[in-house]
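J.: Dumping the structure here so I can ask a few things about it.
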Amino acid sequence: MFKVLVSDPISDLGIQQLMDASDVTVDKKTGLSEDELIAIIGEYDGLLVRSQTTVTEKIIAAGTNLKVIGRAGVGVDNIKLEAATQHGIVVINAPDGNTITTCEHAFAMMMALARHIPQAYAKTISGVWDRKTFLGVELRGKTLGVLGMGRIGSEVAKRAKAFGMNILAFDPFLTADRAEKLEVKLASVDDIVRGADFITVHTPLTPETRHMISRPQFEVMKKGMRIVNCARGGVIDEMALVEAIDSGIVAGAAFDVFEKEPPQADHPFLSHPKIIVTPHLGASTVEAQENVAIDVSEQVLHILRNEPFINAVNIPPVAPSVMNKLQPYFTLGEKLGSFATQLTGGAIREIHVEYAGDLSDVDTQPLTRYIVKGVFTRHFGSDVNIVNSMHLAKTRDVNVVVTKASKTKGFTNLITVTLKAEPDEERLVAGTLLQGYGERIVQVNKFPVDIAPEGHQIVISHNDKPGIIGLVGTLLGQNDVNIASMQVGRKIVGGAAIMLLTVDKAVPQQVLVKLAGLPEINTAEEIVLV
């Protein structure tokens, strides 16, 4: 008989399947202090929490029988993940339970924005009957730009189509086939910024998405467009948005999230007559709270019964013999995935991983998860981890193919990551561990190289002509970019070649543009591996 402790207020409906299970006993004890939890947690196999309980290292250490900690929600900041992993405890959350709720809130905000509902309500109840000031616009026939076509963005697009809107959709993993299935038009961020009447944001906050809409984007927008953000604060530059509204570019905005929450009392959003705000209510419905509890309860049951499960946010248990062989390659695999992704411009539709040498004789599933995590991290940041990476690939229609070979082209072990993207793009990065040298990238596309996968790197595609190295070095020196190492790969003298430079700091975009404009140079891209 398994015992599960519910330490936060969760409705009986949400945990009904746990309470109905013949092999599980559920105890609900809320409001316990850390010491009180430590005193009793040792007798439980599972712990179910929301946001009130902080699951500390001491609580985890005292949970000698704990197999799973379930968070009825998305965020797991209140759970010490590293401690749980060290003790072999699986931590799961419920990322899908609030999809419809957040989608509906975003759509409600868009409609309120189009018809000035909060402003009209406030004036009406103040005793002023004003039918002239609040002239709105219809959604029908307007173009909606959806930035981020994951679960929530896709649901928003469905509802917008029902309202007769035209949908422009951007997502780094949105292929033409999937766009066709969703009945949306595949577009770039620039297409959306220039062409949309409404924009709604549904991306995670990463270094790449931070302020993805800022002053340069506002300068080229349609006059009178409107913006909704129910995703993450920081994706849209808040101060630049206020400027764009005040200058007449943007007609209005509706935000459920802020860069800093709660916002300061003098935040301009809170007093601006053309901005609607709510206090991060995207997931705040009765149904969503029950759905996340139902989802996490189901996975808790699977884990207790040793059945397949999803939505884990930490490392699942791996046999020690397998772990010892694979662990040295985890960081290398993640970097190979990240490197390949940063070389790829189109929407990725397939991740092909080949293991050669000794790695072909072992179960490489855990290592593949690291590689796929590396592929997705650039666009999804901390929202992707080594357990949910495969599930994320599946939901994005990205095919993951693994092959194995005994021969390694002269290396003891070789990992080759090939990304296939639209329309006909293919990028290959291969790496290995060299004794005495550590992690090395040994091939980029068709070119042999030898470089450590670390820090800031510049990848230059060029024609193999005399003087190019000097031109590159001079330009970088003039722009205060110091070269730490350089590798040139080529197949034939005078043909296509590749140059890999490790530099000491981030390279400004204008420097990359200048590099690409040098004679005989085709492309220049920065790769960041941290």
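Ordering of the structure tokens sets the chain letters (A, B, ...); residue numbers start at 1 within each chain; ligands are numbered from 1 in the order shown.
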Might you pull out every residue within 8 Å of region 167-180 of chain A, with only C-alpha atoms counted and same-chain residues fewer than 5 positions away left off, and present them as number ranges by chain?
T.: A: 143-150, 157, 160-161, 185-189, 192, 196, 346-349, 379, 396-398, 422
J.: Could you pull the residues within 8 Å of region 11-19 of chain A, counting only C-alpha atoms, minus those fewer than 3 positions along the same chain, as number ranges by chain?
T.: A: 24-26, 289-294, 297-298, 301
J.: Write out as a VMD selection string each polymer residue whose atoms come within 12 Å of Asp450 (chain A), counting only C-alpha atoms; drop sequence neighbours fewer than 3 positions from it.
T.: chain A and resid 429 to 434 437 to 444 447 453 485 to 489 498 to 502
J.: The selected residues should be written to file as a PDB file, in the first residue's frame (atoms: C-alpha atoms).
T.:
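Ended up saving to selection-v4.pdb:
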```pdb
ATOM      1  CA  VAL A 429      27.841  18.799 -35.991  1.00  0.00           C
ATOM      2  CA  ALA A 430      29.943  15.900 -34.648  1.00  0.00           C
ATOM      3  CA  GLY A 431      31.897  15.681 -31.414  1.00  0.00           C
ATOM      4  CA  THR A 432      33.889  13.367 -29.219  1.00  0.00           C
ATOM      5  CA  LEU A 433      35.892  13.193 -26.000  1.00  0.00           C
ATOM      6  CA  LEU A 434      39.653  13.128 -26.555  1.00  0.00           C
ATOM      7  CA  TYR A 437      41.814  17.336 -24.344  1.00  0.00           C
ATOM      8  CA  GLY A 438      38.210  16.781 -23.232  1.00  0.00           C
ATOM      9  CA  GLU A 439      35.234  17.799 -25.362  1.00  0.00           C
ATOM     10  CA  ARG A 440      35.967  18.506 -29.026  1.00  0.00           C
ATOM     11  CA  ILE A 441      33.896  19.367 -32.061  1.00  0.00           C
ATOM     12  CA  VAL A 442      35.484  17.415 -34.906  1.00  0.00           C
ATOM     13  CA  GLN A 443      33.129  18.112 -37.812  1.00  0.00           C
ATOM     14  CA  VAL A 444      30.806  20.943 -38.891  1.00  0.00           C
ATOM     15  CA  PHE A 447      34.249  20.009 -42.971  1.00  0.00           C
ATOM     16  CA  PRO A 453      32.757  23.647 -27.702  1.00  0.00           C
ATOM     17  CA  SER A 485      41.693  30.264 -31.247  1.00  0.00           C
ATOM     18  CA  MET A 486      41.093  29.613 -34.931  1.00  0.00           C
ATOM     19  CA  GLN A 487      40.338  26.529 -37.044  1.00  0.00           C
ATOM     20  CA  VAL A 488      39.904  26.293 -40.798  1.00  0.00           C
ATOM     21  CA  GLY A 489      38.310  23.263 -42.450  1.00  0.00           C
ATOM     22  CA  ILE A 498      34.723  26.920 -43.007  1.00  0.00           C
ATOM     23  CA  MET A 499      36.457  29.031 -40.362  1.00  0.00           C
ATOM     24  CA  LEU A 500      35.753  28.619 -36.636  1.00  0.00           C
ATOM     25  CA  LEU A 501      36.965  31.346 -34.284  1.00  0.00           C
ATOM     26  CA  THR A 502      36.736  31.282 -30.500  1.00  0.00           C
TER      27      THR A 502
END
```
J.: Which is closest to Ile468 (chain A) among A:Ile310, A:Val507, A:Ile315, A:Leu515, if we use only C-alpha atoms?
T.: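 Under the stated criterion, the closest residue is A:Leu515.
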J.: Could you pull out the residues in region 214-423 of chain A that DSSP calls alpha helix (DSSP H) from the backbone, as a PyMOL selection string?
T.: chain A and resi 215-218+238-246+286-304+320-343+365-380+389-395
J.: Need to verify the contact set: Lys29 (chain A), 9 Å, only C-alpha atoms, exclusion of same-chain residues closer than 4 positions in sequence. Can you return it as a ChimeraX atom specification?
T.: /A:5-9
J.: As a VMD selection string, list the residues of region 123-244 of chain A assigned to strand (DSSP E or B) by DSSP on the backbone atoms of this structure.
T.: chain A and resid 143 to 147 166 to 170 185 to 186 198 to 201 213 225 to 229 236
J.: Give me, as a tab-separated table, each residue of region 306-380 of chain A that comes within 6 Å of region 90-99 of chain A, together with its shortest interatomic pair and the distance in Å at one decimal, counting only C-alpha atoms, with rows ordered by chain and rising residue number.
T.:
```
residue	atom	partner	partner_atom	distance
A:Asn311	CA	A:Ile92	CA	5.4
A:Ala312	CA	A:Ile92	CA	4.1
A:Val313	CA	A:Ile92	CA	5.6
```
J.: Mind dumping the selected residues with all heavy atoms as an mmCIF file, in the first residue's frame?
T.:
```
data_model
loop_
_atom_site.group_PDB
_atom_site.id
_atom_site.type_symbol
_atom_site.label_atom_id
_atom_site.label_comp_id
_atom_site.auth_asym_id
_atom_site.auth_seq_id
_atom_site.Cartn_x
_atom_site.Cartn_y
_atom_site.Cartn_z
ATOM 1 N N ASN A 311 6.044 14.394 -17.913
ATOM 2 C CA ASN A 311 6.052 15.665 -17.188
ATOM 3 C C ASN A 311 6.980 15.693 -15.985
ATOM 4 O O ASN A 311 6.784 16.490 -15.062
ATOM 5 C CB ASN A 311 4.634 16.062 -16.754
ATOM 6 C CG ASN A 311 3.707 16.262 -17.929
ATOM 7 O OD1 ASN A 311 4.150 16.573 -19.026
ATOM 8 N ND2 ASN A 311 2.423 16.062 -17.721
ATOM 9 N N ALA A 312 8.018 14.834 -15.985
ATOM 10 C CA ALA A 312 9.035 14.948 -14.946
ATOM 11 C C ALA A 312 9.917 16.151 -15.254
ATOM 12 O O ALA A 312 10.168 16.469 -16.407
ATOM 13 C CB ALA A 312 9.868 13.679 -14.876
ATOM 14 N N VAL A 313 10.398 16.829 -14.228
ATOM 15 C CA VAL A 313 11.236 18.006 -14.427
ATOM 16 C C VAL A 313 12.641 17.828 -13.872
ATOM 17 O O VAL A 313 13.415 18.774 -13.805
ATOM 18 C CB VAL A 313 10.594 19.263 -13.798
ATOM 19 C CG1 VAL A 313 9.312 19.628 -14.503
ATOM 20 C CG2 VAL A 313 10.339 19.063 -12.308
#
```
J.: Can you tell me how far CA of Ala114 (chain A) sits from CA of Leu135 (chain A), in Å to one decimal?
T.: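 Taking CA of Ala114 (chain A) as the start and CA of Leu135 (chain A) as the end point, the length is 9.0 Å.
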